[in-house]
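Undergrad: One structure, as structure tokens, below. Some questions next.
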Amino acid sequence: MIKLESLSKHFGGTVVLDGIDLAIEKGEIVVIIGPSGTGKSTLLRCLNFLEQPTAGKMTVGDLTVDVNRASRADILSMRRRTAFVFQNYALFSNKTALQNIAERLLVVDRWPRDKAYQRAREILEQIGLADKADAYPAAMSGGQQQRVGIGRAMATGAEVILFDEPTSSLDPEWVEEVLGLMKQLASERQTMMVVTHEMSFARDVADRVLFIDGGRIVEQGPPGEIFFNPKDPRTRDFLKKILATNPV
Amino acid sequence: MDVLNVEYMLGLVPVLLRYLPLTLQLAGVGMVLALILACLFAVVRVLRIPVLNQLTIVFISFFRGTPLLVQLFLFYYGLPQLVSALTVIDGITATIMGLTMHFSAYMAESIRAAIIGVDRSQTEAALSIGMTNGQLMRRIVLPQATRVALPTLMNYFIDMIKATSLAFTLGVTELMGATQKEAAGSFLYFEAFIVAAVMYWIVVELLSKLQGYLEIRLNRAYSR
């Protein structure tokens with residue numbers, strides 16, 4: 001249901017994504033690991049068209065676009081099929097938790113106000129923040145803000161939720177509640193692509209782990225295989241370093 | 001001579017109050033038009049719309065770079081000479097035109113700065129849920145920019161209220177013009193202009209109160 005064909009992204013002369021080929025099934029949970037600056041975030045951002053890819057084809061659900069020929073309508077349509085969870089939460093600071101979640105339904109999907117708010121309340125219930133409906137982002141903890149960020153992504157009804165290092169800006173005390181919510185979504189078979197350094201999350205939750213280095217997928221497979229029997233020396237090297245500070 | 005002719009001053013208050021509505025009207029209409037124009041200029045500048053962007057830059061440069069009084073005379077005495085259909089442009093129209101263009105040039109720059117000041121992540125989040133550029137401007141960026149721009153915009157509004165007094169040079173009998181006439185009749189210049197000054201002052205003070213109230217409202221989302 002998600003298919004990337006020779007997707008590449010250049011920034012000036014620098015090649016950030018070097019012809020990525022990837023197919024993801026509905027309900028699959030894919031965790032992307034790799035050294036910083038190797039294109040993991042850029043890959044997610046390209047799928048949501050927050051970056052314009054340089055070349056290749058992307059398919060999400062029944063929409064396929066050649067990135068060079070994507071019209072404005074294609075771009076909007078691709079964005080509406082993919083939801084994004086940001087490292088710095090990026091909640092709308094002029095809107096309450098409830099309004100942040102309802103915004104997509106109200107403005108993009110043009111639901112009537114009552115219906116949109118009712119759906120947003122259901123989502124607040126699911127993410128355990130029903131009591132924060134009227135709180136503004138400035139009055140919430142980092143963990144609460146990121147859970148609302150995930151709630152906002154859930155409200156889109158998108159085919160896939162893209163998580164870009166969702167716990168990297170959080171104080172350690174809030175990491176577990178955010179990972180807990182992501183596990184809950186995974187257990188409901190929400191299709192997810194997650195860039196993270198949380199190796200235990202990758203081991204416990206992922207169906208497939210991708211190791212990306214130098215803008216290419218170096219190695220991929222079930223977490224057991226990648227973590228305990230990596231084949232490529234670069235994967236081994238990376239895991240050795242990261243597991244020393246962040247054990248599985 | 002007595003120190004101050006208080007009786008005359010008290011008598012003058014109701015007389016001058018009749019001209020206050022015109023002063024407020026000049027400033028009110030001028031402010032609304034200037035705000036609309038300034039928002040358009042700011043969006044043109046932020047999005048760097050070709051041709052319009054260059055025209056806007058020249059417009060802003062001219063109306064910031066020349067005195068308001070010169071602009072008023074240009075509109076009042078100069079325009080009819082250029083455009084024959086405007087053989088008579090009345091002083092009120094010329095004043096509103098001058099105030100609108102002069103202040104829109106200043107306000108465009110502070111609105112532009114406020115828009116640029118909205119964090120890039122807000123725009124990205126809006127794009128990520130599939131909003132169009134128009135939707136994200138209207139729903140996310142402009143409301144956040146308003147909060148930042150409000151104090152400076154209110155400052156310009158206050159300035160504009162006082163600038164309406166220049167209309168008397170175009171023969172408009174607003175608060176300043178009326179005071180001038182009264183004083184010329186009674187020779188009590190000090191008394192007359194003190195009354196006028198206090199009236200301007202009170203109006204501006206009321207506006208400052210309104211500004212405080214608006215700021216509290218707009219800051220509600222940002223307090224812990």
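The chains in the structure tokens are called A, B, ... from first to last as shown; in each chain the residues are counted from 1, and the ligands are counted from 1 in the order shown.
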Would you return as a PyMOL selection string the members of region 8-164 of chain A that DSSP assigns to strand (DSSP E or B) on this structure's backbone?

TA: chain A and resi 8-11+14-24+29-33+55-60+63-66+82-85+160-164

Undergrad: Considering only C-alpha atoms, tabulate each residue of chain B that lies at most 10 Å from chain A along with its nearest interatomic pair and the corresponding distance in Å to one decimal; arrange the rows by chain and ascending residue number and present them as JSON lines.

TA:
{"residue": "B:Asp119", "atom": "CA", "partner": "A:Ala90", "partner_atom": "CA", "distance": 9.1}
{"residue": "B:Arg120", "atom": "CA", "partner": "A:Ala90", "partner_atom": "CA", "distance": 9.2}
{"residue": "B:Ser121", "atom": "CA", "partner": "A:Ala90", "partner_atom": "CA", "distance": 5.6}
{"residue": "B:Gln122", "atom": "CA", "partner": "A:Ala90", "partner_atom": "CA", "distance": 6.0}
{"residue": "B:Thr123", "atom": "CA", "partner": "A:Ala90", "partner_atom": "CA", "distance": 9.0}
{"residue": "B:Glu124", "atom": "CA", "partner": "A:Leu50", "partner_atom": "CA", "distance": 6.9}
{"residue": "B:Ala125", "atom": "CA", "partner": "A:Ala90", "partner_atom": "CA", "distance": 6.1}
{"residue": "B:Ala126", "atom": "CA", "partner": "A:Phe92", "partner_atom": "CA", "distance": 8.1}
{"residue": "B:Leu127", "atom": "CA", "partner": "A:Arg79", "partner_atom": "CA", "distance": 7.5}
{"residue": "B:Ser128", "atom": "CA", "partner": "A:Arg79", "partner_atom": "CA", "distance": 5.9}
{"residue": "B:Ile129", "atom": "CA", "partner": "A:Arg80", "partner_atom": "CA", "distance": 6.1}
{"residue": "B:Gly130", "atom": "CA", "partner": "A:Arg80", "partner_atom": "CA", "distance": 4.9}
{"residue": "B:Met131", "atom": "CA", "partner": "A:Val108", "partner_atom": "CA", "distance": 6.1}
{"residue": "B:Thr132", "atom": "CA", "partner": "A:Leu76", "partner_atom": "CA", "distance": 7.5}
{"residue": "B:Gln135", "atom": "CA", "partner": "A:Val107", "partner_atom": "CA", "distance": 7.5}
{"residue": "B:Leu136", "atom": "CA", "partner": "A:Val107", "partner_atom": "CA", "distance": 9.6}
{"residue": "B:Arg139", "atom": "CA", "partner": "A:Val107", "partner_atom": "CA", "distance": 8.8}
{"residue": "B:Ile140", "atom": "CA", "partner": "A:Phe92", "partner_atom": "CA", "distance": 7.0}
{"residue": "B:Val141", "atom": "CA", "partner": "A:Asn94", "partner_atom": "CA", "distance": 9.3}
{"residue": "B:Pro143", "atom": "CA", "partner": "A:Asn94", "partner_atom": "CA", "distance": 7.4}
{"residue": "B:Gln144", "atom": "CA", "partner": "A:Asn94", "partner_atom": "CA", "distance": 6.5}
{"residue": "B:Arg147", "atom": "CA", "partner": "A:Asn94", "partner_atom": "CA", "distance": 9.8}
{"residue": "B:Leu218", "atom": "CA", "partner": "A:Asn94", "partner_atom": "CA", "distance": 8.8}
{"residue": "B:Asn219", "atom": "CA", "partner": "A:Asn94", "partner_atom": "CA", "distance": 9.1}
{"residue": "B:Arg220", "atom": "CA", "partner": "A:Tyr136", "partner_atom": "CA", "distance": 8.6}
{"residue": "B:Ala221", "atom": "CA", "partner": "A:Tyr136", "partner_atom": "CA", "distance": 5.5}
{"residue": "B:Tyr222", "atom": "CA", "partner": "A:Ala138", "partner_atom": "CA", "distance": 5.5}
{"residue": "B:Ser223", "atom": "CA", "partner": "A:Ala138", "partner_atom": "CA", "distance": 6.5}
{"residue": "B:Arg224", "atom": "CA", "partner": "A:Ala139", "partner_atom": "CA", "distance": 4.4}

Undergrad: Could those residues be written to a file, using N, CA and C atoms, as a short mmCIF file (atom, residue, chain, number, x, y, z; two decimals), in the first residue's frame?

TA:
data_model
loop_
_atom_site.label_atom_id
_atom_site.label_comp_id
_atom_site.auth_asym_id
_atom_site.auth_seq_id
_atom_site.Cartn_x
_atom_site.Cartn_y
_atom_site.Cartn_z
N ASP B 119 6.89 30.81 13.90
CA ASP B 119 7.82 29.69 13.76
C ASP B 119 7.50 28.83 12.53
N ARG B 120 8.55 28.45 11.82
CA ARG B 120 8.43 27.64 10.61
C ARG B 120 7.70 26.31 10.90
N SER B 121 7.87 25.79 12.11
CA SER B 121 7.25 24.50 12.43
C SER B 121 5.72 24.60 12.40
N GLN B 122 5.18 25.80 12.65
CA GLN B 122 3.72 25.98 12.60
C GLN B 122 3.21 25.81 11.17
N THR B 123 3.96 26.36 10.23
CA THR B 123 3.60 26.21 8.82
C THR B 123 3.71 24.75 8.38
N GLU B 124 4.80 24.10 8.80
CA GLU B 124 4.99 22.70 8.41
C GLU B 124 3.89 21.81 8.96
N ALA B 125 3.51 22.06 10.22
CA ALA B 125 2.45 21.25 10.82
C ALA B 125 1.14 21.44 10.05
N ALA B 126 0.87 22.69 9.64
CA ALA B 126 -0.36 22.96 8.89
C ALA B 126 -0.32 22.28 7.52
N LEU B 127 0.83 22.34 6.86
CA LEU B 127 0.96 21.66 5.57
C LEU B 127 0.81 20.15 5.75
N SER B 128 1.37 19.63 6.84
CA SER B 128 1.38 18.17 7.03
C SER B 128 -0.02 17.60 7.17
N ILE B 129 -0.96 18.38 7.69
CA ILE B 129 -2.33 17.85 7.77
C ILE B 129 -3.13 18.20 6.51
N GLY B 130 -2.46 18.74 5.51
CA GLY B 130 -3.10 18.91 4.20
C GLY B 130 -3.79 20.24 3.99
N MET B 131 -3.41 21.27 4.76
CA MET B 131 -4.01 22.59 4.53
C MET B 131 -3.41 23.23 3.28
N THR B 132 -4.22 24.08 2.63
CA THR B 132 -3.69 24.88 1.51
C THR B 132 -2.98 26.09 2.09
N GLN B 135 -5.46 28.46 3.67
CA GLN B 135 -5.98 27.98 4.96
C GLN B 135 -4.95 28.18 6.07
N LEU B 136 -3.70 27.89 5.77
CA LEU B 136 -2.71 27.98 6.85
C LEU B 136 -2.43 29.43 7.22
N ARG B 139 -5.81 30.45 9.25
CA ARG B 139 -6.11 29.74 10.50
C ARG B 139 -4.94 29.75 11.49
N ILE B 140 -3.72 29.74 10.98
CA ILE B 140 -2.58 29.53 11.86
C ILE B 140 -1.64 30.75 11.89
N VAL B 141 -1.16 31.19 10.72
CA VAL B 141 -0.10 32.20 10.72
C VAL B 141 -0.62 33.59 11.10
N PRO B 143 -3.41 34.60 12.73
CA PRO B 143 -3.79 34.78 14.14
C PRO B 143 -2.58 34.90 15.08
N GLN B 144 -1.52 34.13 14.79
CA GLN B 144 -0.34 34.22 15.65
C GLN B 144 0.42 35.52 15.41
N ARG B 147 -1.08 38.73 17.22
CA ARG B 147 -0.70 38.93 18.62
C ARG B 147 0.62 39.70 18.71
N LEU B 218 -5.41 38.01 23.71
CA LEU B 218 -4.58 37.32 22.71
C LEU B 218 -3.46 36.52 23.35
N ASN B 219 -3.08 36.88 24.57
CA ASN B 219 -2.00 36.15 25.24
C ASN B 219 -2.49 34.94 26.02
N ARG B 220 -3.83 34.79 26.08
CA ARG B 220 -4.40 33.70 26.88
C ARG B 220 -3.78 32.35 26.53
N ALA B 221 -3.57 32.12 25.21
CA ALA B 221 -3.08 30.81 24.77
C ALA B 221 -1.63 30.58 25.19
N TYR B 222 -0.94 31.64 25.60
CA TYR B 222 0.50 31.49 25.80
C TYR B 222 0.93 31.51 27.26
N SER B 223 -0.06 31.59 28.17
CA SER B 223 0.32 31.61 29.58
C SER B 223 0.23 30.20 30.14
N ARG B 224 1.12 29.92 31.06
CA ARG B 224 1.15 28.57 31.64
C ARG B 224 0.13 28.42 32.73
#

Undergrad: Enumerate as a list of chain:residue names all residues of region 40-96 of chain A assigned to helix (DSSP H, G or I) by DSSP on the backbone, naming them with the chain letters and numbers the document uses.

TA: A:Lys40, A:Ser41, A:Thr42, A:Leu43, A:Leu44, A:Arg45, A:Cys46, A:Leu47, A:Arg72, A:Ala73, A:Asp74, A:Ile75, A:Leu76, A:Ser77, A:Met78, A:Arg79, A:Arg80, A:Arg81

Undergrad: Can you write out the residues you just picked, keeping C-alpha atoms, as a PDB file, in the first residue's frame?

TA:
ATOM      1  CA  LYS A  40      16.049   9.048   7.695  1.00  0.00           C
ATOM      2  CA  SER A  41      14.028  12.189   8.460  1.00  0.00           C
ATOM      3  CA  THR A  42      14.258  13.359   4.861  1.00  0.00           C
ATOM      4  CA  LEU A  43      12.672  10.083   3.742  1.00  0.00           C
ATOM      5  CA  LEU A  44       9.640  10.698   5.974  1.00  0.00           C
ATOM      6  CA  ARG A  45       9.475  14.371   4.996  1.00  0.00           C
ATOM      7  CA  CYS A  46       9.475  13.463   1.296  1.00  0.00           C
ATOM      8  CA  LEU A  47       6.496  11.142   1.796  1.00  0.00           C
ATOM      9  CA  ARG A  72      -0.329  21.055  -6.659  1.00  0.00           C
ATOM     10  CA  ALA A  73      -3.412  18.835  -6.285  1.00  0.00           C
ATOM     11  CA  ASP A  74      -1.250  15.670  -6.197  1.00  0.00           C
ATOM     12  CA  ILE A  75       0.914  17.173  -3.462  1.00  0.00           C
ATOM     13  CA  LEU A  76      -2.112  18.143  -1.370  1.00  0.00           C
ATOM     14  CA  SER A  77      -3.634  14.735  -1.913  1.00  0.00           C
ATOM     15  CA  MET A  78      -0.414  12.951  -0.910  1.00  0.00           C
ATOM     16  CA  ARG A  79      -0.157  15.086   2.237  1.00  0.00           C
ATOM     17  CA  ARG A  80      -3.716  14.156   3.161  1.00  0.00           C
ATOM     18  CA  ARG A  81      -2.914  10.439   2.930  1.00  0.00           C
TER      19      ARG A  81
END

Undergrad: Excluding Leu79 (chain B) and residues on its chain fewer than 5 positions from it, collect all residues at most 12 Å away from it, counting only C-alpha atoms, and give them as a list in words.

TA: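 Near neighbours after the sequence-gap exclusion: Gln71, Leu72, Phe73, Leu74, Ser84, Ala85, Leu86, Thr87, Val88, Ile89, Asp90, Thr93, Ala94, Met97 and Gly98 of chain B.
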
Undergrad: Store the residues picked out above in a file with C-alpha atoms, as a tab-separated table (two decimals), in the first residue's frame.

TA:
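The resulting file, part_7.tsv, is reproduced below:
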chain	number	residue	atom	x	y	z
B	71	GLN	CA	1.13	63.90	0.90
B	72	LEU	CA	-2.12	65.55	1.99
B	73	PHE	CA	-1.38	68.63	-0.11
B	74	LEU	CA	-0.48	66.39	-3.04
B	84	SER	CA	-9.71	66.38	-14.54
B	85	ALA	CA	-12.58	64.22	-13.20
B	86	LEU	CA	-11.42	65.15	-9.72
B	87	THR	CA	-11.81	68.92	-10.18
B	88	VAL	CA	-13.06	69.01	-6.65
B	89	ILE	CA	-11.78	66.47	-4.16
B	90	ASP	CA	-13.14	67.31	-0.75
B	93	THR	CA	-11.63	62.32	1.15
B	94	ALA	CA	-8.12	63.67	0.66
B	97	MET	CA	-6.56	58.88	1.32
B	98	GLY	CA	-3.45	60.43	2.83
